[in-house]
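Novice: Please find query.cif (mmCIF, C-alpha atoms (C1' of nucleotides)) on the next line:
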```cif
data_data
loop_
_atom_site.label_atom_id
_atom_site.label_comp_id
_atom_site.auth_asym_id
_atom_site.auth_seq_id
_atom_site.Cartn_x
_atom_site.Cartn_y
_atom_site.Cartn_z
CA MET A 241 56.32 82.38 104.05
CA GLU A 242 57.95 85.71 104.45
CA LYS A 243 59.92 84.85 107.58
CA GLN A 244 61.17 81.55 106.29
CA ASN A 245 64.85 82.32 106.52
CA LEU A 246 64.59 83.41 110.12
CA ILE A 247 62.54 80.37 110.97
CA ASN A 248 65.15 78.13 109.40
CA PHE A 249 67.89 79.98 111.18
CA LEU A 250 66.26 79.57 114.57
CA SER A 251 65.04 76.04 114.14
CA LYS A 252 68.46 74.94 112.97
CA ASN A 253 70.08 76.41 116.04
CA LEU A 254 67.44 75.72 118.60
CA ASP A 255 66.19 72.31 117.73
CA PHE A 256 62.67 73.57 118.16
CA ASN A 257 60.19 72.75 115.48
CA GLU A 258 59.28 75.22 112.78
CA ASP A 259 55.64 75.54 113.65
CA LYS A 260 56.31 76.55 117.20
CA ILE A 261 58.91 79.04 116.17
CA SER A 262 56.65 80.41 113.55
CA LEU A 263 54.09 80.92 116.27
CA LEU A 264 56.54 82.75 118.48
CA LEU A 265 57.52 85.00 115.65
CA GLU A 266 53.99 86.15 115.08
CA ASP A 267 54.58 89.39 116.89
CA CYS A 268 57.51 90.34 114.71
CA GLN A 269 56.76 92.56 111.80
CA VAL A 270 58.31 92.12 108.41
CA LYS A 271 59.27 95.27 106.63
CA ASN A 272 60.02 95.76 103.00
CA LEU A 273 62.65 98.36 102.24
CA LYS A 274 63.40 100.19 99.08
CA LYS A 275 67.00 100.71 98.14
CA HIS A 276 68.58 103.39 100.29
CA GLU A 277 65.83 103.36 102.85
CA PHE A 278 66.95 103.73 106.47
CA LEU A 279 66.19 101.47 109.38
CA LEU A 280 68.16 103.55 111.84
CA GLN A 281 69.82 106.94 111.81
CA GLU A 282 72.36 108.59 114.01
CA SER A 283 71.00 109.87 117.33
CA GLU A 284 67.94 107.66 117.17
CA PHE A 285 67.44 104.93 119.71
CA CYS A 286 67.73 101.53 118.15
CA GLN A 287 64.46 99.76 118.86
CA PHE A 288 65.00 96.54 117.01
CA THR A 289 67.33 93.88 115.91
CA PHE A 290 66.95 93.30 112.22
CA PHE A 291 67.10 89.95 110.55
CA VAL A 292 67.72 90.14 106.82
CA GLU A 293 65.35 87.85 104.97
CA LYS A 294 66.29 89.20 101.59
CA GLY A 295 68.57 91.93 100.30
CA LEU A 296 71.50 93.66 101.85
CA LEU A 297 71.89 96.15 104.69
CA ARG A 298 74.81 98.32 105.59
CA GLN A 299 75.65 99.79 108.97
CA TYR A 300 77.92 102.82 108.98
CA SER A 301 78.98 105.90 110.89
CA ILE A 302 79.88 109.39 109.76
CA ASP A 303 82.79 111.11 111.46
CA GLU A 304 83.35 114.80 112.23
CA LYS A 305 84.91 115.34 108.83
CA GLY A 306 81.87 113.91 107.15
CA LYS A 307 83.47 110.66 106.15
CA GLU A 308 81.54 107.44 106.12
CA HIS A 309 82.89 104.35 107.82
CA THR A 310 81.22 101.09 107.08
CA ILE A 311 80.84 98.98 110.18
CA LEU A 312 79.10 96.00 108.69
CA PHE A 313 77.53 94.53 105.59
CA ALA A 314 74.57 92.30 106.31
CA PRO A 315 73.29 90.10 103.50
CA GLU A 316 70.60 87.44 103.75
CA ASN A 317 70.43 85.60 107.07
CA TRP A 318 72.39 88.16 109.01
CA LEU A 319 71.37 89.95 112.14
CA VAL A 320 72.03 93.66 112.49
CA SER A 321 71.50 95.93 115.39
CA ASP A 322 73.27 98.57 117.40
CA ARG A 323 73.77 96.58 120.54
CA GLU A 324 75.22 99.55 122.32
CA SER A 325 72.09 101.56 121.73
CA VAL A 326 69.74 98.69 122.46
CA TYR A 327 71.42 97.40 125.55
CA PHE A 328 72.68 100.57 127.15
CA ASN A 329 69.79 102.68 125.99
CA GLN A 330 71.83 105.29 124.24
CA PRO A 331 71.22 107.24 121.07
CA SER A 332 72.92 105.41 118.27
CA SER A 333 75.94 106.73 116.43
CA TYR A 334 75.19 104.60 113.41
CA PHE A 335 73.07 104.44 110.32
CA ILE A 336 71.53 101.25 109.04
CA GLN A 337 70.49 101.44 105.44
CA ALA A 338 69.23 99.10 102.76
CA GLN A 339 71.73 98.77 99.94
CA GLU A 340 69.26 96.80 97.88
CA GLU A 341 65.55 96.34 97.98
CA SER A 342 65.26 94.22 101.12
CA ASP A 343 62.98 92.39 103.48
CA VAL A 344 63.79 92.42 107.16
CA VAL A 345 62.18 90.94 110.21
CA MET A 346 61.99 93.49 113.00
CA ILE A 347 62.80 91.82 116.27
CA GLY A 348 61.74 93.87 119.27
CA ASN A 349 64.19 94.44 122.04
CA ASN A 350 62.29 92.38 124.55
CA PHE A 351 61.75 89.55 122.15
CA PHE A 352 64.94 87.78 123.10
CA GLU A 353 63.91 87.90 126.73
CA ILE A 354 60.56 86.45 125.86
CA LEU A 355 62.22 83.70 123.90
CA SER A 356 64.53 82.98 126.81
CA GLU A 357 61.55 82.34 129.00
CA LYS A 358 59.84 80.09 126.53
CA ILE A 359 62.91 78.29 125.26
CA PRO A 360 65.47 77.76 127.99
CA GLU A 361 68.06 76.72 125.47
CA PHE A 362 67.74 80.08 123.82
CA THR A 363 69.95 81.69 126.42
CA SER A 364 72.93 79.72 125.33
CA PHE A 365 72.14 80.36 121.70
CA ASN A 366 72.06 84.05 122.38
CA ASN A 367 75.37 83.63 124.11
CA LYS A 368 76.74 82.06 121.02
CA LEU A 369 75.58 84.96 118.91
CA LEU A 370 77.34 87.37 121.22
CA HIS A 371 80.52 85.38 121.10
CA ASN A 372 80.37 85.25 117.35
CA HIS A 373 79.98 88.98 117.27
CA ILE A 374 82.98 89.41 119.52
CA ARG A 375 85.06 87.10 117.40
CA HIS A 376 84.14 89.03 114.31
CA LEU A 377 85.04 92.38 115.85
CA GLN A 378 88.26 91.05 117.26
CA ASN A 379 89.38 89.79 113.88
CA ARG A 380 88.60 93.08 112.33
CA ILE A 381 90.71 94.93 114.87
CA ASN A 382 93.55 92.59 114.18
CA MET A 383 93.23 93.32 110.51
CA LEU A 384 93.16 97.05 111.01
CA LEU A 385 96.20 96.91 113.25
CA SER A 386 98.35 94.74 111.07
CA ALA A 387 97.37 94.57 107.41
CA SER A 388 98.16 96.80 104.43
CA ALA A 389 95.49 98.09 102.07
CA GLU A 390 96.12 95.22 99.70
CA ASP A 391 96.02 92.59 102.43
CA ARG A 392 92.79 94.00 103.76
CA TYR A 393 91.22 93.85 100.36
CA LEU A 394 92.34 90.29 99.84
CA GLN A 395 90.97 89.30 103.20
CA PHE A 396 87.72 90.99 102.35
CA ILE A 397 87.11 89.24 99.06
CA GLU A 398 88.09 86.00 100.69
CA MET A 399 85.54 86.50 103.41
CA TYR A 400 82.74 88.24 101.51
CA PRO A 401 83.19 87.41 97.84
CA ASP A 402 79.60 88.13 96.94
CA ILE A 403 79.32 91.47 98.68
CA LEU A 404 82.01 92.91 96.48
CA LEU A 405 79.65 92.45 93.56
CA ARG A 406 76.65 93.93 95.30
CA VAL A 407 77.91 97.24 96.63
CA PRO A 408 79.90 100.08 95.10
CA GLN A 409 83.62 100.02 95.72
CA ILE A 410 83.38 103.24 97.58
CA MET A 411 81.66 101.35 100.38
CA VAL A 412 84.11 98.51 100.38
CA ALA A 413 86.84 101.11 100.71
CA SER A 414 85.09 102.64 103.70
CA TYR A 415 84.88 99.19 105.25
CA LEU A 416 88.58 98.63 104.75
CA GLY A 417 89.52 102.03 106.08
CA ILE A 418 91.02 103.34 102.84
CA THR A 419 89.91 105.76 100.13
CA PRO A 420 88.13 104.63 96.98
CA GLU A 421 91.08 105.86 94.93
CA SER A 422 93.44 103.67 96.91
CA LEU A 423 91.16 100.71 96.48
CA SER A 424 91.06 101.29 92.76
CA ARG A 425 94.85 101.28 92.67
CA VAL A 426 95.09 98.17 94.77
CA ARG A 427 92.79 96.42 92.33
CA LYS A 428 94.84 97.59 89.43
CA GLU A 429 97.99 96.26 91.01
CA LEU A 430 96.36 92.93 91.67
CA ALA A 431 95.13 92.79 88.09
CA LYS A 432 98.68 93.26 86.90
CA LYS A 433 99.77 90.31 88.95
CA ASN A 434 97.01 88.54 86.99
CA PHE A 435 94.74 88.24 89.92
CA LYS A 436 91.22 87.30 88.86
CA ASN A 437 88.43 89.63 89.86
CA MET B 91 91.60 88.29 151.51
CA GLU B 92 93.34 87.73 148.25
CA LYS B 93 90.22 87.65 146.11
CA GLN B 94 88.71 90.73 147.62
CA ASN B 95 88.50 92.76 144.43
CA LEU B 96 86.71 90.01 142.60
CA ILE B 97 84.34 89.52 145.47
CA ASN B 98 83.53 93.20 145.49
CA PHE B 99 83.11 93.19 141.76
CA LEU B 100 80.64 90.32 141.83
CA SER B 101 78.72 91.35 144.90
CA LYS B 102 78.30 94.84 143.54
CA ASN B 103 76.87 93.50 140.31
CA LEU B 104 74.96 90.55 141.58
CA ASP B 105 73.45 91.76 144.78
CA PHE B 106 74.53 88.55 146.40
CA ASN B 107 76.27 88.78 149.70
CA GLU B 108 80.02 88.60 150.02
CA ASP B 109 80.16 85.47 152.10
CA LYS B 110 78.20 83.43 149.65
CA ILE B 111 80.25 84.67 146.76
CA SER B 112 83.40 84.02 148.64
CA LEU B 113 82.21 80.47 149.10
CA LEU B 114 81.49 80.03 145.42
CA LEU B 115 84.91 81.32 144.56
CA GLU B 116 86.64 78.73 146.64
CA ASP B 117 87.47 76.60 143.66
CA CYS B 118 89.23 79.40 141.86
CA GLN B 119 92.95 79.57 142.29
CA VAL B 120 94.84 82.79 142.76
CA LYS B 121 98.12 83.04 140.97
CA ASN B 122 100.94 85.44 141.59
CA LEU B 123 102.85 86.46 138.52
CA LYS B 124 106.23 87.97 138.19
CA LYS B 125 106.73 90.75 135.71
CA HIS B 126 106.75 89.37 132.16
CA GLU B 127 105.33 86.02 133.16
CA PHE B 128 102.83 84.52 130.70
CA LEU B 129 99.31 83.35 131.38
CA LEU B 130 98.69 82.33 127.80
CA GLN B 131 100.76 81.94 124.69
CA GLU B 132 99.92 81.65 121.04
CA SER B 133 98.64 78.23 119.96
CA GLU B 134 97.70 77.25 123.48
CA PHE B 135 94.11 76.67 124.41
CA CYS B 136 92.85 79.30 126.75
CA GLN B 137 91.64 77.48 129.84
CA PHE B 138 90.68 80.36 132.04
CA THR B 139 89.29 83.79 132.31
CA PHE B 140 91.60 85.92 134.39
CA PHE B 141 90.48 88.52 136.85
CA VAL B 142 93.19 91.00 137.78
CA GLU B 143 93.31 91.50 141.52
CA LYS B 144 96.51 93.46 141.42
CA GLY B 145 98.95 94.53 138.76
CA LEU B 146 98.57 94.84 135.03
CA LEU B 147 98.18 92.35 132.21
CA ARG B 148 98.57 92.82 128.51
CA GLN B 149 97.02 90.79 125.72
CA TYR B 150 98.74 90.96 122.34
CA SER B 151 99.32 89.17 119.08
CA ILE B 152 102.37 88.85 116.88
CA ASP B 153 101.90 89.07 113.13
CA GLU B 154 103.78 87.34 110.31
CA LYS B 155 106.33 90.11 110.22
CA GLY B 156 107.04 89.65 113.89
CA LYS B 157 105.29 92.80 115.01
CA GLU B 158 103.39 92.97 118.26
CA HIS B 159 99.86 94.29 118.37
CA THR B 160 98.42 95.06 121.74
CA ILE B 161 94.82 93.98 122.00
CA LEU B 162 94.11 95.00 125.54
CA PHE B 163 95.57 96.38 128.74
CA ALA B 164 93.97 94.97 131.85
CA PRO B 165 94.68 96.71 135.14
CA GLU B 166 93.09 95.94 138.50
CA ASN B 167 89.48 94.75 138.35
CA TRP B 168 89.55 93.82 134.70
CA LEU B 169 88.70 90.50 133.18
CA VAL B 170 90.88 89.08 130.44
CA SER B 171 90.43 86.01 128.35
CA ASP B 172 90.51 84.86 124.79
CA ARG B 173 86.84 84.27 124.32
CA GLU B 174 87.37 82.90 120.87
CA SER B 175 89.65 80.20 122.20
CA VAL B 176 87.51 79.48 125.24
CA TYR B 177 84.17 79.43 123.54
CA PHE B 178 85.00 77.92 120.19
CA ASN B 179 87.70 75.68 121.51
CA GLN B 180 90.43 76.89 119.26
CA PRO B 181 94.12 77.42 119.84
CA SER B 182 94.63 81.02 120.77
CA SER B 183 96.39 83.53 118.59
CA TYR B 184 97.21 85.74 121.54
CA PHE B 185 99.64 86.15 124.36
CA ILE B 186 98.61 87.28 127.80
CA GLN B 187 101.47 88.57 129.86
CA ALA B 188 101.98 90.32 133.18
CA GLN B 189 103.39 93.80 132.70
CA GLU B 190 103.89 94.19 136.41
CA GLU B 191 104.08 91.82 139.28
CA SER B 192 100.42 90.78 139.45
CA ASP B 193 97.83 88.68 141.23
CA VAL B 194 95.12 87.09 139.15
CA VAL B 195 92.16 84.91 139.96
CA MET B 196 91.92 82.02 137.54
CA ILE B 197 88.32 81.42 136.61
CA GLY B 198 87.75 78.06 135.02
CA ASN B 199 85.77 77.86 131.82
CA ASN B 200 82.87 76.05 133.37
CA PHE B 201 82.72 78.35 136.35
CA PHE B 202 80.35 80.76 134.69
CA GLU B 203 78.00 77.94 133.92
CA ILE B 204 78.15 76.82 137.50
CA LEU B 205 77.40 80.33 138.65
CA SER B 206 74.48 80.54 136.26
CA GLU B 207 72.94 77.54 137.90
CA LYS B 208 73.43 78.82 141.40
CA ILE B 209 72.64 82.45 140.75
CA PRO B 210 69.92 82.88 138.12
CA GLU B 211 70.62 86.54 137.84
CA PHE B 212 74.17 85.76 136.83
CA THR B 213 73.07 85.02 133.29
CA SER B 214 72.07 88.58 132.71
CA PHE B 215 75.22 89.84 134.35
CA ASN B 216 77.26 87.73 132.02
CA ASN B 217 75.23 89.17 129.20
CA LYS B 218 76.16 92.60 130.35
CA LEU B 219 79.82 91.70 130.35
CA LEU B 220 79.55 90.48 126.79
CA HIS B 221 77.79 93.62 125.69
CA ASN B 222 80.41 95.73 127.36
CA HIS B 223 83.06 93.82 125.55
CA ILE B 224 81.30 94.37 122.24
CA ARG B 225 80.92 98.06 122.91
CA HIS B 226 84.58 98.34 123.68
CA LEU B 227 85.63 96.54 120.52
CA GLN B 228 83.23 98.54 118.42
CA ASN B 229 84.63 101.81 119.69
CA ARG B 230 88.09 100.67 118.96
CA ILE B 231 87.21 99.81 115.38
CA ASN B 232 85.68 103.21 114.96
CA MET B 233 88.86 104.78 116.23
CA LEU B 234 91.05 102.74 113.93
CA LEU B 235 88.89 103.59 110.95
CA SER B 236 88.64 107.29 111.52
CA ALA B 237 91.27 108.79 113.79
CA SER B 238 94.79 110.05 113.12
CA ALA B 239 97.76 109.01 115.22
CA GLU B 240 97.39 112.11 117.35
CA ASP B 241 93.65 111.64 117.87
CA ARG B 242 94.16 108.05 118.85
CA TYR B 243 96.73 109.02 121.39
CA LEU B 244 94.49 111.69 122.85
CA GLN B 245 91.62 109.24 123.08
CA PHE B 246 93.90 106.77 124.75
CA ILE B 247 95.15 109.05 127.50
CA GLU B 248 91.62 110.24 128.02
CA MET B 249 90.41 106.72 128.49
CA TYR B 250 93.38 105.12 130.24
CA PRO B 251 95.37 107.93 131.86
CA ASP B 252 97.06 105.67 134.37
CA ILE B 253 98.13 102.98 131.95
CA LEU B 254 100.27 105.42 130.08
CA LEU B 255 102.40 105.71 133.17
CA ARG B 256 102.63 102.02 133.79
CA VAL B 257 103.77 100.59 130.47
CA PRO B 258 106.49 101.55 128.01
CA GLN B 259 105.41 103.76 125.16
CA ILE B 260 106.33 101.07 122.74
CA MET B 261 103.31 99.12 123.94
CA VAL B 262 100.99 102.07 123.82
CA ALA B 263 102.11 102.56 120.24
CA SER B 264 101.30 98.96 119.43
CA TYR B 265 97.86 99.47 120.95
CA LEU B 266 97.26 102.52 118.80
CA GLY B 267 98.51 100.83 115.66
CA ILE B 268 101.46 103.16 115.13
CA THR B 269 105.23 102.89 115.58
CA PRO B 270 106.96 104.02 118.76
CA GLU B 271 108.79 106.66 116.73
CA SER B 272 105.52 108.10 115.52
CA LEU B 273 104.18 108.13 119.02
CA SER B 274 107.25 109.98 120.17
CA ARG B 275 106.70 112.58 117.47
CA VAL B 276 103.04 112.93 118.32
CA ARG B 277 103.98 113.56 121.92
CA LYS B 278 106.54 116.11 120.89
CA GLU B 279 103.98 117.94 118.79
CA LEU B 280 101.50 117.95 121.63
CA ALA B 281 104.17 119.26 123.97
CA LYS B 282 104.78 122.15 121.61
CA LYS B 283 101.12 123.02 121.77
CA ASN B 284 101.78 123.08 125.52
CA PHE B 285 99.84 119.97 126.19
CA LYS B 286 100.51 118.63 129.67
CA ASN B 287 101.80 115.07 130.01
"C1'" DT C 77 129.38 101.03 140.75
"C1'" DT C 78 129.55 99.35 136.29
"C1'" DC C 79 127.72 96.96 132.57
"C1'" DG C 80 124.24 95.58 129.11
"C1'" DG C 81 120.03 95.80 127.63
"C1'" DT C 82 115.70 98.15 126.80
"C1'" DT C 83 113.39 102.30 125.85
"C1'" DC C 84 113.07 107.06 124.17
"C1'" DT C 85 114.22 110.66 121.19
"C1'" DT C 86 115.77 112.77 117.02
"C1'" DA C 87 116.95 113.19 112.27
"C1'" DA C 88 117.21 111.92 107.34
"C1'" DC C 89 115.01 109.47 104.25
"C1'" DA C 90 111.39 106.27 102.11
"C1'" DT C 91 106.80 104.98 101.08
"C1'" DA C 92 102.03 103.95 101.41
"C1'" DC C 93 98.20 106.18 101.22
"C1'" DA C 94 95.36 110.57 100.92
"C1'" DT C 95 94.00 114.54 98.43
"C1'" DC C 96 92.76 117.11 94.51
"C1'" DA C 97 91.27 117.35 90.05
"C1'" DA C 98 90.01 115.78 85.56
"C1'" DT C 99 88.01 112.42 82.63
"C1'" DG C 100 85.54 108.40 81.64
"C1'" DT C 101 81.79 105.12 82.39
"C1'" DA C 102 77.52 103.03 83.66
"C1'" DG C 103 72.79 102.75 85.41
"C1'" DG C 104 68.26 104.75 86.61
"C1'" DG C 105 64.53 107.94 85.87
"C1'" DT C 106 61.84 110.67 82.96
"C1'" DA D 286 67.01 107.76 73.96
"C1'" DC D 287 68.41 111.10 76.77
"C1'" DC D 288 70.33 113.27 80.73
"C1'" DC D 289 71.81 113.18 85.34
"C1'" DT D 290 74.00 111.58 88.99
"C1'" DA D 291 76.87 108.39 91.22
"C1'" DC D 292 80.76 105.73 90.66
"C1'" DA D 293 85.42 104.36 88.86
"C1'" DT D 294 89.80 105.36 87.08
"C1'" DT D 295 93.99 107.89 86.47
"C1'" DG D 296 97.70 111.23 87.23
"C1'" DA D 297 100.08 114.84 89.83
"C1'" DT D 298 101.08 116.10 94.14
"C1'" DG D 299 100.97 116.26 99.32
"C1'" DT D 300 101.40 114.36 103.85
"C1'" DA D 301 101.29 111.31 107.63
"C1'" DT D 302 103.48 107.67 109.08
"C1'" DG D 303 107.07 104.02 108.57
"C1'" DT D 304 112.05 102.83 108.31
"C1'" DT D 305 116.68 103.07 109.49
"C1'" DA D 306 120.16 104.54 112.30
"C1'" DA D 307 122.37 106.80 115.97
"C1'" DG D 308 122.89 108.66 120.46
"C1'" DA D 309 120.98 109.64 125.19
"C1'" DA D 310 118.49 108.27 129.27
"C1'" DC D 311 117.16 104.80 132.11
"C1'" DC D 312 117.14 100.54 134.87
"C1'" DG D 313 117.98 96.19 136.66
"C1'" DA D 314 121.48 92.72 137.46
"C1'" DA D 315 125.95 91.43 138.65
#
```
Take the structure from the file and write it as structure tokens.
Specialist:
Amino acid sequence: MEKQNLINFLSKNLDFNEDKISLLLEDCQVKNLKKHEFLLQESEFCQFTFFVEKGLLRQYSIDEKGKEHTILFAPENWLVSDRESVYFNQPSSYFIQAQEESDVVMIGNNFFEILSEKIPEFTSFNNKLLHNHIRHLQNRINMLLSASAEDRYLQFIEMYPDILLRVPQIMVASYLGITPESLSRVRKELAKKNFKN
Amino acid sequence: MEKQNLINFLSKNLDFNEDKISLLLEDCQVKNLKKHEFLLQESEFCQFTFFVEKGLLRQYSIDEKGKEHTILFAPENWLVSDRESVYFNQPSSYFIQAQEESDVVMIGNNFFEILSEKIPEFTSFNNKLLHNHIRHLQNRINMLLSASAEDRYLQFIEMYPDILLRVPQIMVASYLGITPESLSRVRKELAKKNFKN
DNA sequence: TTCGGTTCTTAACATACATCAATGTAGGGT
DNA sequence: ACCCTACATTGATGTATGTTAAGAACCGAA
């Protein structure tokens, strides 16, 4: 089934059997994306939360000088959304784009509310997702405040070893907050110190 | 009453009258802090969420090189906590310290659950708090990824004009992710361009 | 009031990282 | 198989920011 990953994800966390979840998910569309296709662009209102069944999404912003800044990489089994846009009803300042041919489940903005009504325990699960998100952002801030280019890169490959292989370095650089040239040099340095990869 | 700010804060957001809220808050202690007193230190488990009735708190971390990184300034009517420690039951990697003589309401970790039971609408309010938190962190990441020292400073005084006057520059610098010397230079430059403040 | 510490400023110098530019390389589309 | 475009690498150079160090201003405690 095309939503199998999402169903697993929910049933694992909700202790609610697969069939029932599958039923609840009936309203959610699945969308197939070609590489480089957009799910959201700057100034649009984010209408969905996206669950990645297959492939890889990237969320990024573009600043006044035209530079891209990668906010998030979302491989299989990740949720992506612009919560700010969804929750506060603002035009988004982000782009969400498929980096590979991908399948995503489009979760409508009211879907979580509906789930909350039908599955009381969902509220606390949603809470957990939010806390996870906060933890993730907090760690990133810490990294940006304290770590050098090399340290950031090392942290990155530690945390997302596979993503390194799936996206161009230029995007990893924009995630780390450095230029692609700098990243290339960092890698060269690490190679000297006989660092694999 | 010593918890008046918190009562206002909740009654404004919950549409629940002051007396009832006041009653619910009875279990929460109020603590008076002298300047530089700690509410939380690294490796401790964060047991409370703190609401600032009066004064100013600062949350910060210290990295391997001994450098401080300010995570958050919390003046009157702000909530502070290490959600990661509270929610995931981990030792904290942060310090929370009073920058001024302060009064805080100590909100126990189960208090929000209790409130949820007594005030159904509280769940969605809590949700809003979490989303606000996420928005705040997200904006900060954007800033760290894209803005120069000067831009960061300008954003900071725009956003927190009063805090600048209440804490030493050294701490503002550690919030912005730059050295105090750099901050001093930035300010000098801005002064040249006849920038007030 | 004086003392001692913290903070702020300034300057000279160091360095990590950015920028610019050129070349090389690889993958996708026709 | 070819070209085209995007990406990676490298070197020369520039710049913002860090580092170190010193003195000045400030402030709280004795």
Novice: Written as a list in words, which residues does the PyMOL selection byres ((chain A) within 9 of (chain D)) give for the file shown?
Specialist: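 Listing what the PyMOL selection byres ((chain A) within 9 of (chain D)) selects in the shown file: Pro408, Gln409, Ile410, Pro420, Glu421, Ser424 and Arg425 of chain A.
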Novice: Determine which residues of chain C sit within 9 Å of chain B, taking into account all atoms listed in the file, and present them as a PyMOL selection string.
Specialist: chain C and resi 83-85
Novice: Can you tell me, as a PyMOL selection string, which residues sit within 12 Å of (85.6, 92.0, 146.5) in the file's frame, using all atoms listed in the file?
Specialist: chain B and resi 91-104+106-112+115+141-143+166-167+195
Novice: Provide as number ranges by chain the residues of chain B at most 8 Å from chain A, counting only C-alpha atoms.
Specialist: B: 153, 159, 173-174, 177, 217, 220-221, 223-225, 227-228, 230-232, 234-236, 266-267
Novice: For the atom pair C1' of DA94 (chain C) and CA of Met233 (chain B), what is the interatomic distance in Å to one decimal place?
Specialist: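 Calculated distance between C1' of DA94 (chain C) and CA of Met233 (chain B) is 17.6 Å.
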Novice: If you take every atom of region 410-416 of chain A that the file lists and fit an axis-aligned box around them with 5 Å extra on each side, what centre and edge lengths come out in Å to one decimal, as lines of an AutoDock Vina configuration file?
Specialist:
```
center_x = 85.1
center_y = 100.9
center_z = 101.4
size_x = 16.9
size_y = 14.7
size_z = 17.7
```
Novice: Please compute the CA of Glu398 (chain A)-CA of Asn379 (chain A) distance, one decimal, in Å.
Specialist: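 Calculated distance between CA of Glu398 (chain A) and CA of Asn379 (chain A) is 13.8 Å.
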Novice: Can you measure CA of Val326 (chain A) to CA of Thr289 (chain A) for me? One decimal in Å is fine.
Specialist: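 Pair CA of Val326 (chain A) / CA of Thr289 (chain A) returns 8.5 Å.
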Novice: Which residue, A:Glu353, A:Asn272, A:Trp318, A:Arg298, has the smallest gap to Ile336 (chain A) when you use all atoms listed in the file?
Specialist: A:Arg298
